[in-house]
file my_file-v5.csv (CSV, C-alpha atoms)
chain,number,residue,atom,x,y,z
A,16,MET,CA,-10.9,-17.7,-22.5
A,17,ALA,CA,-8.6,-20.7,-23.0
A,18,GLY,CA,-5.5,-20.3,-25.0
A,19,SER,CA,-1.9,-21.7,-25.3
A,20,LEU,CA,0.9,-19.5,-24.0
A,21,ASP,CA,3.2,-20.9,-26.7
A,22,ASP,CA,4.1,-24.0,-28.6
A,23,GLU,CA,6.7,-25.3,-26.1
A,24,SER,CA,6.2,-28.6,-24.5
A,25,GLN,CA,3.5,-28.5,-21.9
A,26,SER,CA,4.1,-29.4,-18.3
A,27,GLU,CA,1.3,-30.2,-15.9
A,28,LYS,CA,2.1,-27.6,-13.2
A,29,LEU,CA,-1.2,-26.2,-11.9
A,30,ILE,CA,-0.8,-22.4,-11.5
A,31,LEU,CA,-3.1,-19.9,-10.0
A,32,VAL,CA,-2.6,-16.3,-11.2
A,33,THR,CA,-4.0,-13.5,-9.1
A,34,ASN,CA,-4.3,-9.8,-9.8
A,35,PRO,CA,-5.9,-7.8,-7.0
A,36,GLY,CA,-7.6,-4.5,-7.4
A,37,SER,CA,-9.1,-2.1,-4.8
A,38,ALA,CA,-12.7,-3.0,-5.8
A,39,SER,CA,-12.2,-6.3,-7.6
A,40,ARG,CA,-10.3,-9.6,-7.7
A,41,LYS,CA,-9.0,-11.3,-10.9
A,42,TYR,CA,-7.8,-14.9,-11.0
A,43,ALA,CA,-6.8,-17.3,-13.7
A,44,LEU,CA,-6.0,-21.0,-13.7
A,45,PHE,CA,-3.3,-22.4,-15.9
A,46,ARG,CA,-2.4,-26.1,-16.4
A,47,GLY,CA,1.2,-26.0,-17.6
A,48,ARG,CA,1.3,-23.2,-20.2
A,49,THR,CA,-2.4,-23.4,-21.1
A,50,ARG,CA,-5.1,-21.1,-19.6
A,51,VAL,CA,-8.0,-23.2,-18.3
A,52,ALA,CA,-10.2,-20.6,-16.8
A,53,SER,CA,-10.4,-16.9,-15.8
A,54,LEU,CA,-12.3,-15.5,-12.8
A,55,HIS,CA,-13.3,-11.9,-12.2
A,56,PHE,CA,-15.1,-10.8,-9.0
A,57,GLU,CA,-16.7,-7.4,-8.7
A,58,PHE,CA,-19.6,-5.6,-6.9
A,59,VAL,CA,-22.9,-5.6,-8.7
A,60,ASP,CA,-25.8,-3.8,-7.0
A,61,GLY,CA,-23.9,-4.1,-3.7
A,62,LYS,CA,-23.3,-7.8,-4.0
A,63,ILE,CA,-20.2,-9.7,-5.0
A,64,VAL,CA,-20.6,-11.4,-8.4
A,65,GLY,CA,-18.1,-13.6,-10.1
A,66,HIS,CA,-17.6,-14.1,-13.8
A,67,LEU,CA,-16.1,-17.5,-14.8
A,68,ALA,CA,-14.8,-17.9,-18.3
A,69,THR,CA,-13.8,-21.3,-19.7
A,70,ASN,CA,-13.4,-22.3,-23.3
A,71,GLY,CA,-15.1,-19.2,-24.6
A,72,ASP,CA,-18.1,-19.5,-22.3
A,73,THR,CA,-18.8,-17.2,-19.4
A,74,GLN,CA,-21.2,-17.7,-16.5
A,75,ASP,CA,-22.0,-15.7,-13.4
A,76,ILE,CA,-21.4,-17.2,-10.0
A,77,TYR,CA,-22.5,-15.9,-6.6
A,78,PRO,CA,-20.1,-16.7,-3.8
A,79,ASP,CA,-21.4,-16.5,-0.3
A,80,VAL,CA,-18.9,-13.9,1.0
A,81,ALA,CA,-19.4,-10.6,2.7
A,82,ASP,CA,-16.4,-8.8,1.4
A,83,MET,CA,-13.9,-8.9,-1.5
A,84,LEU,CA,-11.0,-10.0,0.8
A,85,SER,CA,-12.9,-13.2,1.6
A,86,VAL,CA,-13.0,-14.4,-2.0
A,87,THR,CA,-9.5,-15.9,-2.0
A,88,ALA,CA,-10.4,-18.5,0.5
A,89,HIS,CA,-13.2,-19.8,-1.8
A,90,ILE,CA,-11.3,-20.1,-5.0
A,91,VAL,CA,-10.6,-23.8,-4.6
A,92,ASP,CA,-14.2,-24.6,-3.9
A,93,ILE,CA,-15.4,-22.7,-6.9
A,94,LEU,CA,-12.9,-24.5,-9.2
A,95,VAL,CA,-13.8,-27.9,-7.8
A,96,GLU,CA,-17.5,-27.2,-8.1
A,97,HIS,CA,-17.1,-26.3,-11.8
A,98,GLN,CA,-14.9,-29.4,-12.3
A,99,LEU,CA,-11.8,-27.4,-13.3
A,100,ILE,CA,-9.7,-29.1,-10.6
A,101,ALA,CA,-10.2,-32.4,-8.7
A,102,GLU,CA,-11.3,-32.6,-5.1
A,103,GLY,CA,-8.2,-32.4,-2.9
A,104,GLN,CA,-6.0,-31.1,-5.7
A,105,THR,CA,-3.6,-28.2,-4.9
A,106,PHE,CA,-1.9,-25.6,-6.9
A,107,ASP,CA,1.8,-26.2,-7.7
A,108,ARG,CA,2.5,-22.4,-7.8
A,109,ILE,CA,0.8,-19.1,-7.5
A,110,GLY,CA,1.8,-16.1,-9.6
A,111,LEU,CA,1.3,-12.5,-8.5
A,112,ARG,CA,2.3,-9.2,-10.2
A,113,VAL,CA,4.5,-7.0,-8.1
A,114,VAL,CA,5.2,-3.3,-8.6
A,115,ALA,CA,8.0,-2.1,-6.3
A,116,PRO,CA,10.8,0.4,-6.7
A,117,SER,CA,13.9,-1.5,-5.7
A,118,SER,CA,16.7,-3.4,-7.3
A,119,GLY,CA,15.5,-6.4,-5.3
A,120,PHE,CA,12.4,-6.4,-7.4
A,121,LEU,CA,14.1,-6.2,-10.8
A,122,ARG,CA,13.8,-10.0,-10.6
A,123,ASP,CA,11.1,-12.5,-9.7
A,124,ARG,CA,11.2,-13.7,-6.1
A,125,LEU,CA,9.3,-15.9,-3.7
A,126,ALA,CA,6.7,-14.2,-1.4
A,127,ASP,CA,8.5,-15.3,1.8
A,128,ASP,CA,9.0,-13.4,5.0
A,129,GLU,CA,12.0,-11.5,3.7
A,130,THR,CA,10.0,-10.4,0.6
A,131,VAL,CA,7.0,-9.3,2.7
A,132,ARG,CA,9.3,-7.2,4.9
A,133,ALA,CA,10.9,-5.6,1.9
A,134,LEU,CA,7.5,-4.7,0.5
A,135,GLU,CA,6.5,-3.2,3.8
A,136,ASP,CA,9.6,-1.1,3.8
A,137,LEU,CA,8.8,0.2,0.3
A,138,MET,CA,5.1,0.9,1.0
A,139,ASN,CA,5.3,4.7,0.7
A,140,ARG,CA,7.1,4.6,-2.6
A,141,ALA,CA,4.3,2.9,-4.6
A,142,PRO,CA,1.3,2.9,-2.2
A,143,ILE,CA,-1.5,2.1,-4.7
A,144,HIS,CA,0.2,-1.1,-5.8
A,145,ILE,CA,2.1,-2.3,-2.8
A,146,SER,CA,-0.8,-2.1,-0.3
A,147,ALA,CA,-2.9,-4.3,-2.5
A,148,THR,CA,0.0,-6.7,-3.1
A,149,LEU,CA,0.7,-7.1,0.6
A,150,ALA,CA,-2.9,-7.7,1.4
A,151,GLU,CA,-3.1,-10.4,-1.3
A,152,ILE,CA,0.1,-12.1,-0.2
A,153,ARG,CA,-1.2,-12.4,3.3
A,154,LEU,CA,-4.5,-13.8,2.1
A,155,LEU,CA,-2.8,-16.3,-0.2
A,156,ARG,CA,-0.3,-17.5,2.5
A,157,ALA,CA,-3.2,-18.0,4.9
A,158,SER,CA,-5.3,-19.9,2.3
A,159,PHE,CA,-2.5,-21.9,0.6
A,160,PRO,CA,0.3,-22.1,3.2
A,161,ASP,CA,2.2,-24.9,1.4
A,162,THR,CA,2.1,-23.4,-2.1
A,163,PRO,CA,5.0,-21.3,-3.4
A,164,ILE,CA,3.9,-17.8,-4.4
A,165,VAL,CA,6.0,-16.2,-7.1
A,166,CYS,CA,6.2,-12.4,-7.2
A,167,ALA,CA,6.5,-11.6,-10.9
A,168,SER,CA,8.5,-8.4,-11.4
A,169,ASP,CA,6.8,-5.6,-13.3
A,170,SER,CA,10.2,-3.9,-13.8
A,171,SER,CA,12.4,-6.7,-15.0
A,172,PHE,CA,11.7,-5.9,-18.7
A,173,HIS,CA,13.5,-2.6,-18.1
A,174,ALA,CA,16.7,-4.1,-16.7
A,175,SER,CA,18.2,-3.8,-20.2
A,176,LYS,CA,18.0,0.0,-20.2
A,177,PRO,CA,21.4,1.8,-20.9
A,178,ASP,CA,23.0,3.4,-17.8
A,179,PHE,CA,22.0,6.9,-18.8
A,180,ALA,CA,18.4,6.0,-18.8
A,181,TRP,CA,18.6,4.8,-15.2
A,182,ASN,CA,19.8,7.8,-13.3
A,183,TYR,CA,18.5,11.1,-12.1
A,184,ALA,CA,21.0,14.0,-12.3
A,185,VAL,CA,21.7,14.1,-8.6
A,186,PRO,CA,24.8,12.9,-6.7
A,187,LEU,CA,25.4,9.3,-7.8
A,188,ASP,CA,26.7,8.1,-4.5
A,189,ASP,CA,23.4,9.0,-2.9
A,190,THR,CA,21.2,7.4,-5.5
A,191,ASP,CA,23.3,4.3,-5.5
A,192,ARG,CA,23.2,4.0,-1.7
A,193,PHE,CA,19.4,4.6,-1.4
A,194,GLU,CA,18.4,3.0,-4.7
A,195,ILE,CA,16.8,6.1,-6.1
A,196,LYS,CA,16.7,4.9,-9.8
A,197,ARG,CA,14.3,5.0,-12.8
A,198,PHE,CA,13.1,1.5,-12.4
A,199,GLY,CA,10.1,1.7,-14.8
A,200,TYR,CA,6.9,-0.4,-14.8
A,201,HIS,CA,4.3,-2.0,-17.0
A,202,GLY,CA,7.0,-4.6,-17.8
A,203,LEU,CA,4.7,-7.6,-17.9
A,204,SER,CA,2.4,-5.8,-20.4
A,205,LEU,CA,5.4,-4.9,-22.5
A,206,GLU,CA,6.7,-8.5,-22.5
A,207,SER,CA,3.2,-9.5,-23.8
A,208,ILE,CA,3.4,-6.9,-26.6
A,209,VAL,CA,6.9,-8.0,-27.7
A,210,ARG,CA,5.8,-11.6,-27.7
A,211,THR,CA,2.7,-10.8,-29.8
A,212,LEU,CA,4.8,-8.8,-32.3
A,213,GLU,CA,7.4,-11.4,-32.5
A,214,SER,CA,4.9,-14.2,-33.1
A,215,ALA,CA,3.3,-12.1,-36.0
A,216,GLY,CA,6.7,-11.4,-37.5
A,217,LYS,CA,6.3,-7.7,-36.8
A,218,LEU,CA,9.0,-7.1,-34.2
A,219,ALA,CA,10.7,-4.1,-35.7
A,220,PRO,CA,14.0,-2.6,-34.5
A,221,ARG,CA,12.4,0.6,-33.0
A,222,ILE,CA,9.0,0.3,-31.3
A,223,VAL,CA,7.1,2.8,-29.1
A,224,VAL,CA,4.4,1.4,-26.9
A,225,CYS,CA,1.6,3.4,-25.3
A,226,HIS,CA,0.2,1.5,-22.4
A,227,LEU,CA,-2.9,3.5,-21.4
A,228,GLY,CA,-5.0,2.3,-18.5
A,229,SER,CA,-5.6,3.8,-15.1
A,230,GLY,CA,-1.8,3.9,-15.0
A,231,ALA,CA,-0.1,5.1,-18.2
A,232,SER,CA,3.3,5.0,-19.7
A,233,VAL,CA,5.1,5.3,-23.0
A,234,THR,CA,8.1,3.0,-23.6
A,235,ALA,CA,10.9,2.9,-26.2
A,236,ILE,CA,11.8,-0.7,-27.2
A,237,GLN,CA,15.0,-1.4,-29.2
A,238,GLY,CA,15.5,-4.8,-30.7
A,239,GLY,CA,12.8,-6.3,-28.4
A,240,LYS,CA,14.3,-5.0,-25.2
A,241,GLY,CA,13.5,-2.0,-23.0
A,242,TYR,CA,15.5,1.1,-23.8
A,243,ASP,CA,13.7,3.9,-21.9
A,244,THR,CA,10.3,4.6,-20.4
A,245,THR,CA,8.3,7.5,-19.0
A,246,MET,CA,7.7,5.9,-15.5
A,247,GLY,CA,10.7,6.2,-13.2
A,248,PHE,CA,11.4,5.7,-9.5
A,249,SER,CA,7.7,5.0,-8.9
A,250,PRO,CA,4.6,4.6,-11.1
A,251,LEU,CA,3.7,8.2,-10.2
A,252,GLU,CA,6.2,9.6,-12.7
A,253,GLY,CA,5.7,10.2,-16.4
A,254,VAL,CA,2.5,11.1,-18.3
A,255,VAL,CA,-0.8,12.3,-17.0
A,256,MET,CA,-2.8,9.3,-15.7
A,257,SER,CA,-6.3,8.7,-14.3
A,258,THR,CA,-5.6,9.8,-10.7
A,259,ARG,CA,-1.8,10.3,-10.8
A,260,CYS,CA,-0.3,13.6,-11.8
A,261,GLY,CA,2.7,12.3,-13.7
A,262,ASN,CA,5.7,14.6,-13.9
A,263,ILE,CA,5.6,17.5,-11.5
A,264,GLY,CA,8.4,19.8,-10.3
A,265,VAL,CA,9.7,19.2,-6.8
A,266,GLU,CA,9.1,22.9,-5.9
A,267,ALA,CA,5.5,22.7,-7.1
A,268,ALA,CA,4.8,19.6,-5.1
A,269,LEU,CA,6.4,21.1,-2.0
A,270,ALA,CA,4.4,24.3,-2.5
A,271,LEU,CA,1.2,22.3,-2.6
A,272,ARG,CA,2.1,20.4,0.5
A,273,ASP,CA,2.8,23.6,2.4
A,274,LYS,CA,-0.2,25.6,1.2
A,275,LEU,CA,-2.6,22.8,1.9
A,276,GLY,CA,-1.0,22.0,5.2
A,277,MET,CA,-0.3,18.3,4.3
A,278,SER,CA,2.2,15.9,5.7
A,279,ASP,CA,4.5,14.1,3.3
A,280,VAL,CA,2.2,11.0,3.5
A,281,GLY,CA,-0.7,13.3,2.7
A,282,LEU,CA,1.2,14.7,-0.3
A,283,ARG,CA,1.8,11.2,-1.7
A,284,GLU,CA,-1.8,10.3,-1.4
A,285,TYR,CA,-2.9,13.6,-3.0
A,286,LEU,CA,-0.6,13.1,-6.0
A,287,ASN,CA,-1.5,9.4,-6.4
A,288,TYR,CA,-5.2,9.5,-5.8
A,289,ASN,CA,-6.5,13.0,-6.4
A,290,ALA,CA,-4.5,14.3,-9.4
A,291,GLY,CA,-4.3,13.4,-13.1
A,292,LEU,CA,-7.6,13.4,-15.0
A,293,LYS,CA,-9.5,13.4,-11.7
A,294,GLY,CA,-7.8,16.4,-10.4
A,295,LEU,CA,-8.1,18.4,-13.6
A,296,GLY,CA,-11.5,17.3,-14.7
A,297,GLY,CA,-13.3,16.0,-11.7
A,298,SER,CA,-13.5,12.4,-13.0
A,299,ASP,CA,-11.0,9.7,-13.8
A,300,ASP,CA,-13.3,8.1,-16.4
A,301,ILE,CA,-12.4,9.2,-19.9
A,302,ARG,CA,-15.9,8.3,-21.2
A,303,GLU,CA,-17.5,10.6,-18.7
A,304,LEU,CA,-15.0,13.4,-19.6
A,305,VAL,CA,-15.7,13.0,-23.3
A,306,ARG,CA,-19.5,13.2,-22.6
A,307,ARG,CA,-19.1,16.3,-20.5
A,308,GLU,CA,-16.7,17.9,-23.0
A,309,SER,CA,-19.4,17.5,-25.7
A,310,GLN,CA,-21.7,19.5,-23.5
A,311,GLY,CA,-19.3,22.4,-23.3
A,312,ASP,CA,-17.7,21.5,-19.9
A,313,PHE,CA,-14.4,23.5,-19.7
A,314,ARG,CA,-12.7,21.3,-17.1
A,315,ALA,CA,-13.4,18.1,-19.0
A,316,LYS,CA,-11.9,19.7,-22.1
A,317,LEU,CA,-8.9,20.9,-20.2
A,318,ALA,CA,-8.3,17.5,-18.6
A,319,LEU,CA,-8.5,15.6,-21.9
A,320,GLY,CA,-6.4,18.2,-23.7
A,321,THR,CA,-3.7,18.0,-21.0
A,322,TYR,CA,-3.8,14.2,-21.2
A,323,VAL,CA,-3.4,14.1,-24.9
A,324,HIS,CA,-0.6,16.8,-24.9
A,325,SER,CA,1.3,14.8,-22.3
A,326,LEU,CA,1.2,11.6,-24.4
A,327,GLN,CA,2.1,13.5,-27.6
A,328,LYS,CA,5.2,14.8,-25.9
A,329,ALA,CA,6.1,11.4,-24.5
A,330,ILE,CA,5.8,9.7,-27.9
A,331,GLY,CA,8.1,12.3,-29.4
A,332,GLU,CA,10.6,11.8,-26.5
A,333,MET,CA,10.7,8.1,-26.9
A,334,THR,CA,11.0,8.3,-30.7
A,335,ALA,CA,13.9,10.8,-30.3
A,336,CYS,CA,15.9,8.5,-28.0
A,337,LEU,CA,15.5,5.6,-30.4
A,338,GLY,CA,16.6,7.8,-33.3
A,339,GLY,CA,13.3,7.2,-35.1
A,340,ILE,CA,10.2,4.9,-35.0
A,341,ASP,CA,9.3,1.8,-37.0
A,342,VAL,CA,6.1,0.7,-35.1
A,343,LEU,CA,3.7,2.4,-32.7
A,344,VAL,CA,1.5,0.3,-30.4
A,345,PHE,CA,-1.5,1.1,-28.3
A,346,THR,CA,-2.5,-1.2,-25.4
A,347,GLY,CA,-4.1,-1.1,-22.0
A,348,THR,CA,-7.8,-0.4,-21.4
A,349,VAL,CA,-7.9,3.1,-22.9
A,350,GLY,CA,-5.4,2.2,-25.6
A,351,GLU,CA,-7.4,-0.8,-26.7
A,352,ARG,CA,-10.9,0.7,-26.4
A,353,SER,CA,-10.9,4.5,-26.9
A,354,TYR,CA,-10.7,5.3,-30.7
A,355,ILE,CA,-11.3,8.9,-29.7
A,356,MET,CA,-8.2,9.1,-27.6
A,357,ARG,CA,-6.1,7.3,-30.2
A,358,GLU,CA,-7.2,9.7,-32.9
A,359,ARG,CA,-6.4,12.8,-30.7
A,360,ILE,CA,-3.1,11.5,-29.6
A,361,LEU,CA,-2.0,10.9,-33.2
A,362,ASP,CA,-3.5,14.1,-34.5
A,363,LYS,CA,0.0,15.6,-34.9
A,364,SER,CA,1.9,12.5,-35.9
A,365,GLN,CA,2.6,13.2,-39.5
A,366,TYR,CA,6.2,14.2,-38.7
A,367,LEU,CA,6.6,10.5,-37.7
A,368,ASP,CA,5.2,9.3,-41.0
A,369,ILE,CA,2.2,8.0,-39.1
A,370,LYS,CA,-1.3,8.4,-40.4
A,371,LEU,CA,-4.5,6.8,-39.0
A,372,ASP,CA,-7.1,5.0,-41.1
A,373,PRO,CA,-10.2,6.6,-39.6
A,374,ALA,CA,-12.5,3.7,-40.5
A,375,ALA,CA,-10.1,1.1,-39.1
A,376,ASN,CA,-9.5,3.1,-35.9
A,377,ASN,CA,-13.2,3.8,-35.3
A,378,ALA,CA,-14.0,0.1,-35.7
A,379,CYS,CA,-11.3,-1.0,-33.3
A,380,ILE,CA,-13.0,-1.2,-29.9
A,381,ASP,CA,-11.7,-3.8,-27.5
A,382,PRO,CA,-10.1,-6.1,-30.2
A,383,ALA,CA,-9.5,-9.8,-29.5
A,384,SER,CA,-6.2,-9.8,-31.5
A,385,MET,CA,-3.6,-7.5,-33.0
A,386,THR,CA,-5.3,-4.9,-35.2
A,387,VAL,CA,-3.8,-2.4,-37.7
A,388,ILE,CA,-5.3,1.1,-37.5
A,389,SER,CA,-2.8,3.0,-39.7
A,390,ALA,CA,-3.4,4.0,-43.3
A,391,GLN,CA,-1.6,1.3,-45.2
A,392,PRO,CA,0.7,1.6,-47.2
A,393,HIS,CA,1.0,5.3,-46.6
A,394,SER,CA,2.0,5.1,-42.9
A,395,LYS,CA,4.3,3.3,-40.6
A,396,PRO,CA,2.4,0.6,-38.8
A,397,VAL,CA,0.2,1.5,-35.8
A,398,PHE,CA,-1.2,-1.5,-34.0
A,399,VAL,CA,-3.7,-2.0,-31.2
A,400,ILE,CA,-2.7,-5.1,-29.3
A,401,PRO,CA,-4.6,-6.5,-26.4
A,402,THR,CA,-2.1,-7.0,-23.6
A,403,ASP,CA,-2.1,-10.3,-21.6
A,404,GLU,CA,-0.3,-9.6,-18.3
A,405,THR,CA,-2.0,-12.7,-16.9
A,406,ALA,CA,-0.3,-15.0,-19.3
A,407,GLU,CA,3.1,-13.4,-18.6
A,408,ILE,CA,2.6,-13.8,-14.8
A,409,ALA,CA,1.8,-17.4,-15.4
A,410,ARG,CA,4.9,-17.8,-17.5
A,411,HIS,CA,7.1,-16.2,-14.8
A,412,ALA,CA,5.6,-18.5,-12.1
A,413,HIS,CA,6.0,-21.5,-14.3
A,414,ASP,CA,9.6,-20.9,-15.1
A,415,PHE,CA,10.7,-19.7,-11.7
A,416,GLN,CA,13.5,-21.9,-10.2
A,417,LEU,CA,12.5,-22.9,-6.7

call {"tool": "encode", "arguments": {"input": "my_file-v5.csv", "output": "structure tokens"}}
result
Amino acid sequence: MAGSLDDESQSEKLILVTNPGSASRKYALFRGRTRVASLHFEFVDGKIVGHLATNGDTQDIYPDVADMLSVTAHIVDILVEHQLIAEGQTFDRIGLRVVAPSSGFLRDRLADDETVRALEDLMNRAPIHISATLAEIRLLRASFPDTPIVCASDSSFHASKPDFAWNYAVPLDDTDRFEIKRFGYHGLSLESIVRTLESAGKLAPRIVVCHLGSGASVTAIQGGKGYDTTMGFSPLEGVVMSTRCGNIGVEAALALRDKLGMSDVGLREYLNYNAGLKGLGGSDDIRELVRRESQGDFRAKLALGTYVHSLQKAIGEMTACLGGIDVLVFTGTVGERSYIMRERILDKSQYLDIKLDPAANNACIDPASMTVISAQPHSKPVFVIPTDETAEIARHAHDFQL
């Protein structure tokens, strides 16, 4: 999976990129701006298996570790064994994606003691992401104590939003004092999309991007910069997601808390981990829901219908705030792979002068590069673009001024 980040002059900084998940670990090695290798560790039949990709070739490796948290300490040995770095060679920098609702994380920063304390203070605002980030920082600092760790901001792309897209309609003195703002997320993915469009000469004035993965957001981009997005203070806000509810009225949330006898912490966990598609349909896997829907399962049909309706509304909202749309983009795991969801989401898009090419859409499953799925020339362009957050994290780490 090697590939140049851009045509700029190459430096020889050796950069490790890490992207922790609850049940997996992903790493990538960059030499300067070029990807050398990718590593993905997951559980297979109860054992940890690694998948190492280099120059288009993939091989499985079997680290002698008991749990996923132990993988980090073995990264250097694996890279040396496969002759990707020399014995005794160290990383110049490590890059890590950070999702955290705070003005302090609207920029990249080093993972020093101050940053760790700031993340600990923000834990309850974005628990899914921050807990994994803190665990990874601690592992990285223990394994690579002399290597700078750059926290790549997932919100910095949205720093260009106009003032009226930042604030909730509550007393401004309070929101300023406590930093209760609509920070927005998926910024690294959006940077990747803008870079791809720009490289292809397709960076139109008004772009709407649907990032559909386990987390989901719809973003309005004007002139290549963030204008507004559905996620707000935390990644919980916005459209229906895999296990997150998206928008919910405060009174409805408080009523759930009271009726179920939950604490505030319990409510956060409920809305982050047990809601969304999982809460409506009993599964957060869209493939499973589609299968059950075809068998007449009402809950599966309801979950998928609510998900699609949520996204249709968000596309209209983002289009309206831009005063129109020139290009629509799908990205993220679902956006890139599910032709069924793309078709349903755009079922009512004729008012936007958007029409799918059914054959092109159905054939587009996990594309390797930007793919057109709209009916040309009778539609505004609709692209499926594989996002590359890893390359953007590497870029942030590479360019960070120590």

call {"tool": "closest_residue", "arguments": {"input": "my_file-v5.csv", "among": "A:Leu269, A:Leu154, A:Lys328, A:Leu337", "to": "Gln237 in chain A", "atoms": "only C-alpha atoms"}}
result
A:Leu337

call {"tool": "residues_around", "arguments": {"input": "my_file-v5.csv", "residues": "Ile355 in chain A", "least_positions_apart": "2", "cutoff": "12 Å", "atoms": "only C-alpha atoms", "output": "PDB file with C-alpha atoms, in the coordinates of the input"}}
result
ATOM      1  CA  ILE A 301     -12.400   9.200 -19.900  1.00  0.00           C
ATOM      2  CA  ARG A 302     -15.900   8.300 -21.200  1.00  0.00           C
ATOM      3  CA  LEU A 304     -15.000  13.400 -19.600  1.00  0.00           C
ATOM      4  CA  VAL A 305     -15.700  13.000 -23.300  1.00  0.00           C
ATOM      5  CA  ARG A 306     -19.500  13.200 -22.600  1.00  0.00           C
ATOM      6  CA  LEU A 319      -8.500  15.600 -21.900  1.00  0.00           C
ATOM      7  CA  VAL A 323      -3.400  14.100 -24.900  1.00  0.00           C
ATOM      8  CA  VAL A 349      -7.900   3.100 -22.900  1.00  0.00           C
ATOM      9  CA  GLY A 350      -5.400   2.200 -25.600  1.00  0.00           C
ATOM     10  CA  GLU A 351      -7.400  -0.800 -26.700  1.00  0.00           C
ATOM     11  CA  ARG A 352     -10.900   0.700 -26.400  1.00  0.00           C
ATOM     12  CA  SER A 353     -10.900   4.500 -26.900  1.00  0.00           C
ATOM     13  CA  ARG A 357      -6.100   7.300 -30.200  1.00  0.00           C
ATOM     14  CA  GLU A 358      -7.200   9.700 -32.900  1.00  0.00           C
ATOM     15  CA  ARG A 359      -6.400  12.800 -30.700  1.00  0.00           C
ATOM     16  CA  ILE A 360      -3.100  11.500 -29.600  1.00  0.00           C
ATOM     17  CA  LEU A 361      -2.000  10.900 -33.200  1.00  0.00           C
ATOM     18  CA  ASP A 362      -3.500  14.100 -34.500  1.00  0.00           C
ATOM     19  CA  LEU A 371      -4.500   6.800 -39.000  1.00  0.00           C
ATOM     20  CA  PRO A 373     -10.200   6.600 -39.600  1.00  0.00           C
ATOM     21  CA  ASN A 376      -9.500   3.100 -35.900  1.00  0.00           C
ATOM     22  CA  ASN A 377     -13.200   3.800 -35.300  1.00  0.00           C
ATOM     23  CA  ALA A 378     -14.000   0.100 -35.700  1.00  0.00           C
ATOM     24  CA  CYS A 379     -11.300  -1.000 -33.300  1.00  0.00           C
ATOM     25  CA  ILE A 380     -13.000  -1.200 -29.900  1.00  0.00           C
TER      26      ILE A 380
END

call {"tool": "closest_residue", "arguments": {"input": "my_file-v5.csv", "among": "A:Gly261, A:Pro220, A:Gly241, A:Pro396", "to": "Tyr322 in chain A", "atoms": "only C-alpha atoms"}}
result
A:Gly261

call {"tool": "residues_around", "arguments": {"input": "my_file-v5.csv", "residues": "Ile236 in chain A", "least_positions_apart": "6", "cutoff": "10 Å", "atoms": "all atoms listed in the file", "output": "ChimeraX atom specification"}}
result
/A:172-173,175-176,205,209,218-224,242-244,333-334,337,340,342

call {"tool": "closest_residue", "arguments": {"input": "my_file-v5.csv", "among": "A:Val80, A:Leu295, A:Arg122, A:Phe45", "to": "Gln416 in chain A", "atoms": "only C-alpha atoms"}}
result
A:Arg122

call {"tool": "closest_residue", "arguments": {"input": "my_file-v5.csv", "among": "A:Gly347, A:Gly264, A:Gly281, A:Gly65", "to": "Pro401 in chain A", "atoms": "only C-alpha atoms"}}
result
A:Gly347

call {"tool": "residues_near_point", "arguments": {"input": "my_file-v5.csv", "point": "(4.3, -6.5, -13.1)", "cutoff": "12 Å", "atoms": "all atoms listed in the file", "output": "ChimeraX atom specification"}}
result
/A:33-35,110-116,120-123,144-145,148,165-173,198-207,250,403-409,411

call {"tool": "atom_distance", "arguments": {"input": "my_file-v5.csv", "atom1": "CA of Arg283 in chain A", "atom2": "CA of Leu134 in chain A"}}
result
17.0 Å

call {"tool": "closest_residue", "arguments": {"input": "my_file-v5.csv", "among": "A:Val387, A:Val95, A:Leu67, A:Ala412", "to": "Ile109 in chain A", "atoms": "all atoms listed in the file"}}
result
A:Ala412

call {"tool": "residues_around", "arguments": {"input": "my_file-v5.csv", "residues": "range 53-56 of chain A", "least_positions_apart": "2", "cutoff": "7 Å", "atoms": "all atoms listed in the file", "output": "PyMOL selection string"}}
result
chain A and resi 16+39-44+63-69

call {"tool": "atom_distance", "arguments": {"input": "my_file-v5.csv", "atom1": "CA of Tyr366 in chain A", "atom2": "CA of Gly339 in chain A"}}
result
10.6 Å

call {"tool": "atom_distance", "arguments": {"input": "my_file-v5.csv", "atom1": "CA of Ser214 in chain A", "atom2": "CA of Pro392 in chain A"}}
result
21.6 Å

call {"tool": "closest_residue", "arguments": {"input": "my_file-v5.csv", "among": "A:Val86, A:Val280, A:Leu187, A:Ile330", "to": "Asn139 in chain A", "atoms": "all atoms listed in the file"}}
result
A:Val280
